[in-house]
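To keep things clear, I will list the structure first and then write my remarks on it.
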Amino acid sequence: MSEPVNQDAPQGLRASVILMAYNQTPALRRALAALEQSEGREQFEIVVVDCASTDGGARIDAEFPAVQMLRLPHHMGTARALNIGVRTAKTESVLFLSPNVEVTPKTVLALADALEAESDTVAVCPGLAGAAQFFRLPDLANVAMVPAEASPNPECASLDALMVRKPFIVAMNFFDQRYGHYWLDAELAMQIRRAAKKIALRPEVQAVFHPGPDPLAGDSLAATDKVLGAAAYAGKYGGGSVGMRMGAIFSALGRFDFGGFLSLVSGQKLDGSQAH
């Protein structure tokens, strides 16, 4: 995708909130209602990228007329969906927010204040109650997202609630679409580390994560996509993608998971494209 990036934010607009949703209408309704109650609501825009939901989510459009709804023709995975959201965003501060997250009235602009105040910080996050929020960067020998304790400058923070400088995302040529639905938190964190920049936690800024059903639970293609994402990360930063993928292929055979076996052999990701 090569659409130009709009650098001209309307006067007074300081942030863009991007939510990616898939069959999460009740959670999305709660998240949007909280955002609409924010202090300084006129200072940020809200963009929802809907990945072809089938649970009646289109009705939300009329309930939240000030929200920009982008409806995709099929589930394209997180990388493509967030890239579309970032390209649409009109400001230089983008807050990635899960539909499961409920902000407080001060969350959005407090994060914007924090990001604007620190030139060496690329991303800021609130204290997020109810979810594992921080992780160690994956060990390339055994790629896994291992939870970590909160710290002022965490190695890796979840994209459930993270405000990032848009120019940094543009400079890394947006999110690498070799990933499908998973591993973008680790990819962004690694890019920030390689640029000698920081992620900052602002614990005085609060939000709440409400656990809900995973709309992709039990989807064999999503499970395959997760393995392929880990292999993409290992291959990009450590050269171990082939062994990891082969191990997953033999594991699928051992479980008689022939659907997963075929997906892994073909390299089919959640968005329907093939892993390279």
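A note on labels: chains of the structure tokens are A, B, ... as shown, every chain counts residues from 1, and ligands are counted from 1 in their shown order.
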>> Can you pull out the residues contacting range 161-177 of chain A? Cut-off 6 Å, using only C-alpha atoms, and skip same-chain residues under 2 positions away; I want them as a ChimeraX atom specification.
In response: /A:79,92-97,122-125,159,179
Those residues you just picked out, can you put them in a file as an mmCIF file, in the first residue's frame with C-alpha atoms?
```cif
data_model
loop_
_atom_site.group_PDB
_atom_site.id
_atom_site.type_symbol
_atom_site.label_atom_id
_atom_site.label_comp_id
_atom_site.auth_asym_id
_atom_site.auth_seq_id
_atom_site.Cartn_x
_atom_site.Cartn_y
_atom_site.Cartn_z
ATOM 1 C CA ALA A 79 -0.992 -5.538 10.641
ATOM 2 C CA GLU A 92 0.875 12.668 14.859
ATOM 3 C CA SER A 93 -0.168 10.876 18.077
ATOM 4 C CA VAL A 94 -2.119 7.648 17.598
ATOM 5 C CA LEU A 95 -3.616 5.706 20.501
ATOM 6 C CA PHE A 96 -4.104 2.026 19.723
ATOM 7 C CA LEU A 97 -6.968 0.807 21.875
ATOM 8 C CA VAL A 122 8.124 6.976 21.065
ATOM 9 C CA ALA A 123 5.207 5.425 22.935
ATOM 10 C CA VAL A 124 3.350 5.934 26.207
ATOM 11 C CA CYS A 125 0.832 3.713 27.936
ATOM 12 C CA LEU A 159 -1.135 -2.671 21.907
ATOM 13 C CA TYR A 179 2.924 -10.530 10.256
#
```
>> For His75 in chain A, find every residue with an atom within 12 Å (counting only C-alpha atoms), except residues of its own chain fewer than 2 positions away, and show them as number ranges by chain.
In response: A: 20-23, 49-54, 71-73, 77-82, 180-181, 215-216, 221-222, 269-273
>> Report, in Å to a single decimal, how far apart CA of Ala131 in chain A and CA of Ala196 in chain A are.
In response: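 CA of Ala131 in chain A lies at a distance of 27.1 Å from CA of Ala196 in chain A.
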>> Restricting the calculation to only C-alpha atoms: of A:Asp55, A:Glu63, A:Asp120, A:Asp139, which residue gets closest to Ala195 in chain A?
In response: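 The closest residue to Ala195 in chain A is A:Asp120.
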>> Using only C-alpha atoms for the distances, tell me which of A:Gln191, A:Thr88, A:Gln206, A:Ser158 is nearest to Ala110 in chain A.
In response: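 When distances to Ala110 in chain A are compared using only C-alpha atoms, the smallest one comes from A:Gln206.
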>> According to DSSP computed on the backbone, where in range 11-233 of chain A is there strand (DSSP E or B)? Give the residues as JSON, numbers by chain.
In response: {"A": [15, 16, 17, 18, 19, 20, 21, 44, 45, 46, 47, 48, 49, 50, 68, 69, 70, 71, 93, 94, 95, 96, 97, 101, 102, 103, 121, 122, 123, 124, 125, 126, 127, 128, 129, 134, 135, 136, 146, 147, 156, 157, 161, 162, 163, 164, 165, 198, 199, 200, 201, 202, 203, 204, 205, 206, 207, 208, 209]}
> Could you pull out the helix (DSSP H, G or I) residues of range 104-174 of chain A from DSSP and send them as a ChimeraX atom specification?
Replying inline: /A:107-117,166-171
I'd like the contact shell of Ala114 in chain A - 9 Å cut-off, only C-alpha atoms, skipping same-chain residues fewer than 3 positions apart - returned as a PDB file with N, CA and C atoms, in the first residue's frame.
```pdb
ATOM      1  N   LEU A 109      -6.125  12.563  26.588  1.00  0.00           N
ATOM      2  CA  LEU A 109      -5.329  13.790  26.541  1.00  0.00           C
ATOM      3  C   LEU A 109      -4.145  13.745  27.503  1.00  0.00           C
ATOM      4  N   ALA A 110      -4.266  12.998  28.604  1.00  0.00           N
ATOM      5  CA  ALA A 110      -3.119  12.856  29.504  1.00  0.00           C
ATOM      6  C   ALA A 110      -1.982  12.107  28.807  1.00  0.00           C
ATOM      7  N   LEU A 111      -2.312  11.085  28.019  1.00  0.00           N
ATOM      8  CA  LEU A 111      -1.281  10.377  27.253  1.00  0.00           C
ATOM      9  C   LEU A 111      -0.677  11.294  26.188  1.00  0.00           C
ATOM     10  N   ALA A 117       5.626  15.747  25.742  1.00  0.00           N
ATOM     11  CA  ALA A 117       6.608  16.316  26.664  1.00  0.00           C
ATOM     12  C   ALA A 117       7.978  15.658  26.594  1.00  0.00           C
ATOM     13  N   GLU A 118       8.088  14.470  25.974  1.00  0.00           N
ATOM     14  CA  GLU A 118       9.349  13.722  26.017  1.00  0.00           C
ATOM     15  C   GLU A 118       9.804  13.368  24.614  1.00  0.00           C
ATOM     16  N   VAL A 124       3.721   5.849  24.797  1.00  0.00           N
ATOM     17  CA  VAL A 124       3.350   5.934  26.207  1.00  0.00           C
ATOM     18  C   VAL A 124       2.099   5.097  26.422  1.00  0.00           C
ATOM     19  N   ALA A 200       7.224   4.525  27.547  1.00  0.00           N
ATOM     20  CA  ALA A 200       7.086   5.040  28.911  1.00  0.00           C
ATOM     21  C   ALA A 200       5.726   4.654  29.484  1.00  0.00           C
ATOM     22  N   ARG A 202       2.882   5.585  32.193  1.00  0.00           N
ATOM     23  CA  ARG A 202       2.363   6.682  33.008  1.00  0.00           C
ATOM     24  C   ARG A 202       1.300   6.106  33.936  1.00  0.00           C
TER      25      ARG A 202
END
```
>> Which residues are near Pro105 in chain A? Cut-off 12 Å, only C-alpha atoms, ignore same chain within fewer than 2 positions. Put them as number ranges by chain.
In response: A: 31-41, 102-103, 107-111, 205-207
For N, CA and C atoms, I'd like the residues from the last selection saved as a PDB file, in the first residue's frame.
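Output file part-v8.pdb follows:
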```pdb
ATOM      1  N   ALA A  31     -16.465   0.721  24.913  1.00  0.00           N
ATOM      2  CA  ALA A  31     -15.235   1.490  24.701  1.00  0.00           C
ATOM      3  C   ALA A  31     -15.535   2.847  24.077  1.00  0.00           C
ATOM      4  N   LEU A  32     -16.408   2.876  23.089  1.00  0.00           N
ATOM      5  CA  LEU A  32     -16.734   4.139  22.418  1.00  0.00           C
ATOM      6  C   LEU A  32     -17.504   5.076  23.338  1.00  0.00           C
ATOM      7  N   ALA A  33     -18.410   4.512  24.150  1.00  0.00           N
ATOM      8  CA  ALA A  33     -19.169   5.354  25.083  1.00  0.00           C
ATOM      9  C   ALA A  33     -18.228   6.045  26.063  1.00  0.00           C
ATOM     10  N   ALA A  34     -17.215   5.313  26.544  1.00  0.00           N
ATOM     11  CA  ALA A  34     -16.245   5.908  27.469  1.00  0.00           C
ATOM     12  C   ALA A  34     -15.417   6.987  26.772  1.00  0.00           C
ATOM     13  N   LEU A  35     -14.992   6.718  25.551  1.00  0.00           N
ATOM     14  CA  LEU A  35     -14.215   7.715  24.812  1.00  0.00           C
ATOM     15  C   LEU A  35     -15.027   8.985  24.574  1.00  0.00           C
ATOM     16  N   GLU A  36     -16.298   8.835  24.280  1.00  0.00           N
ATOM     17  CA  GLU A  36     -17.140  10.009  24.012  1.00  0.00           C
ATOM     18  C   GLU A  36     -17.334  10.861  25.272  1.00  0.00           C
ATOM     19  N   GLN A  37     -17.103  10.281  26.445  1.00  0.00           N
ATOM     20  CA  GLN A  37     -17.222  11.030  27.700  1.00  0.00           C
ATOM     21  C   GLN A  37     -15.904  11.658  28.140  1.00  0.00           C
ATOM     22  N   SER A  38     -14.909  11.576  27.288  1.00  0.00           N
ATOM     23  CA  SER A  38     -13.580  12.087  27.633  1.00  0.00           C
ATOM     24  C   SER A  38     -13.567  13.604  27.746  1.00  0.00           C
ATOM     25  N   GLU A  39     -12.715  14.096  28.630  1.00  0.00           N
ATOM     26  CA  GLU A  39     -12.453  15.531  28.692  1.00  0.00           C
ATOM     27  C   GLU A  39     -11.722  15.951  27.412  1.00  0.00           C
ATOM     28  N   GLY A  40     -12.111  17.088  26.858  1.00  0.00           N
ATOM     29  CA  GLY A  40     -11.472  17.547  25.631  1.00  0.00           C
ATOM     30  C   GLY A  40     -11.757  16.650  24.444  1.00  0.00           C
ATOM     31  N   ARG A  41     -12.974  16.075  24.402  1.00  0.00           N
ATOM     32  CA  ARG A  41     -13.312  15.142  23.317  1.00  0.00           C
ATOM     33  C   ARG A  41     -13.077  15.751  21.931  1.00  0.00           C
ATOM     34  N   GLU A 102     -11.673   0.261  28.558  1.00  0.00           N
ATOM     35  CA  GLU A 102     -12.520   1.405  28.917  1.00  0.00           C
ATOM     36  C   GLU A 102     -11.627   2.487  29.515  1.00  0.00           C
ATOM     37  N   VAL A 103     -11.575   3.632  28.865  1.00  0.00           N
ATOM     38  CA  VAL A 103     -10.735   4.721  29.352  1.00  0.00           C
ATOM     39  C   VAL A 103     -11.474   5.523  30.418  1.00  0.00           C
ATOM     40  N   THR A 107      -7.889   9.942  30.216  1.00  0.00           N
ATOM     41  CA  THR A 107      -6.864   9.070  29.640  1.00  0.00           C
ATOM     42  C   THR A 107      -6.247   9.616  28.357  1.00  0.00           C
ATOM     43  N   VAL A 108      -7.057   9.929  27.374  1.00  0.00           N
ATOM     44  CA  VAL A 108      -6.524  10.233  26.037  1.00  0.00           C
ATOM     45  C   VAL A 108      -5.640  11.466  26.048  1.00  0.00           C
ATOM     46  N   LEU A 109      -6.125  12.563  26.588  1.00  0.00           N
ATOM     47  CA  LEU A 109      -5.329  13.790  26.541  1.00  0.00           C
ATOM     48  C   LEU A 109      -4.145  13.745  27.503  1.00  0.00           C
ATOM     49  N   ALA A 110      -4.266  12.998  28.604  1.00  0.00           N
ATOM     50  CA  ALA A 110      -3.119  12.856  29.504  1.00  0.00           C
ATOM     51  C   ALA A 110      -1.982  12.107  28.807  1.00  0.00           C
ATOM     52  N   LEU A 111      -2.312  11.085  28.019  1.00  0.00           N
ATOM     53  CA  LEU A 111      -1.281  10.377  27.253  1.00  0.00           C
ATOM     54  C   LEU A 111      -0.677  11.294  26.188  1.00  0.00           C
ATOM     55  N   VAL A 205      -2.048   7.709  34.828  1.00  0.00           N
ATOM     56  CA  VAL A 205      -3.104   7.691  33.808  1.00  0.00           C
ATOM     57  C   VAL A 205      -3.690   6.279  33.803  1.00  0.00           C
ATOM     58  N   GLN A 206      -5.004   6.173  33.906  1.00  0.00           N
ATOM     59  CA  GLN A 206      -5.598   4.867  34.121  1.00  0.00           C
ATOM     60  C   GLN A 206      -6.585   4.478  33.014  1.00  0.00           C
ATOM     61  N   ALA A 207      -6.709   3.168  32.802  1.00  0.00           N
ATOM     62  CA  ALA A 207      -7.728   2.579  31.941  1.00  0.00           C
ATOM     63  C   ALA A 207      -7.991   1.170  32.472  1.00  0.00           C
TER      64      ALA A 207
END
```
>> I need the residue nearest Asp214 in chain A from this list: A:Asp61, A:Arg30, A:Pro99, A:Ile84. Use only C-alpha atoms for the distance.
In response: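 The answer is A:Pro99, which sits nearest to Asp214 in chain A.
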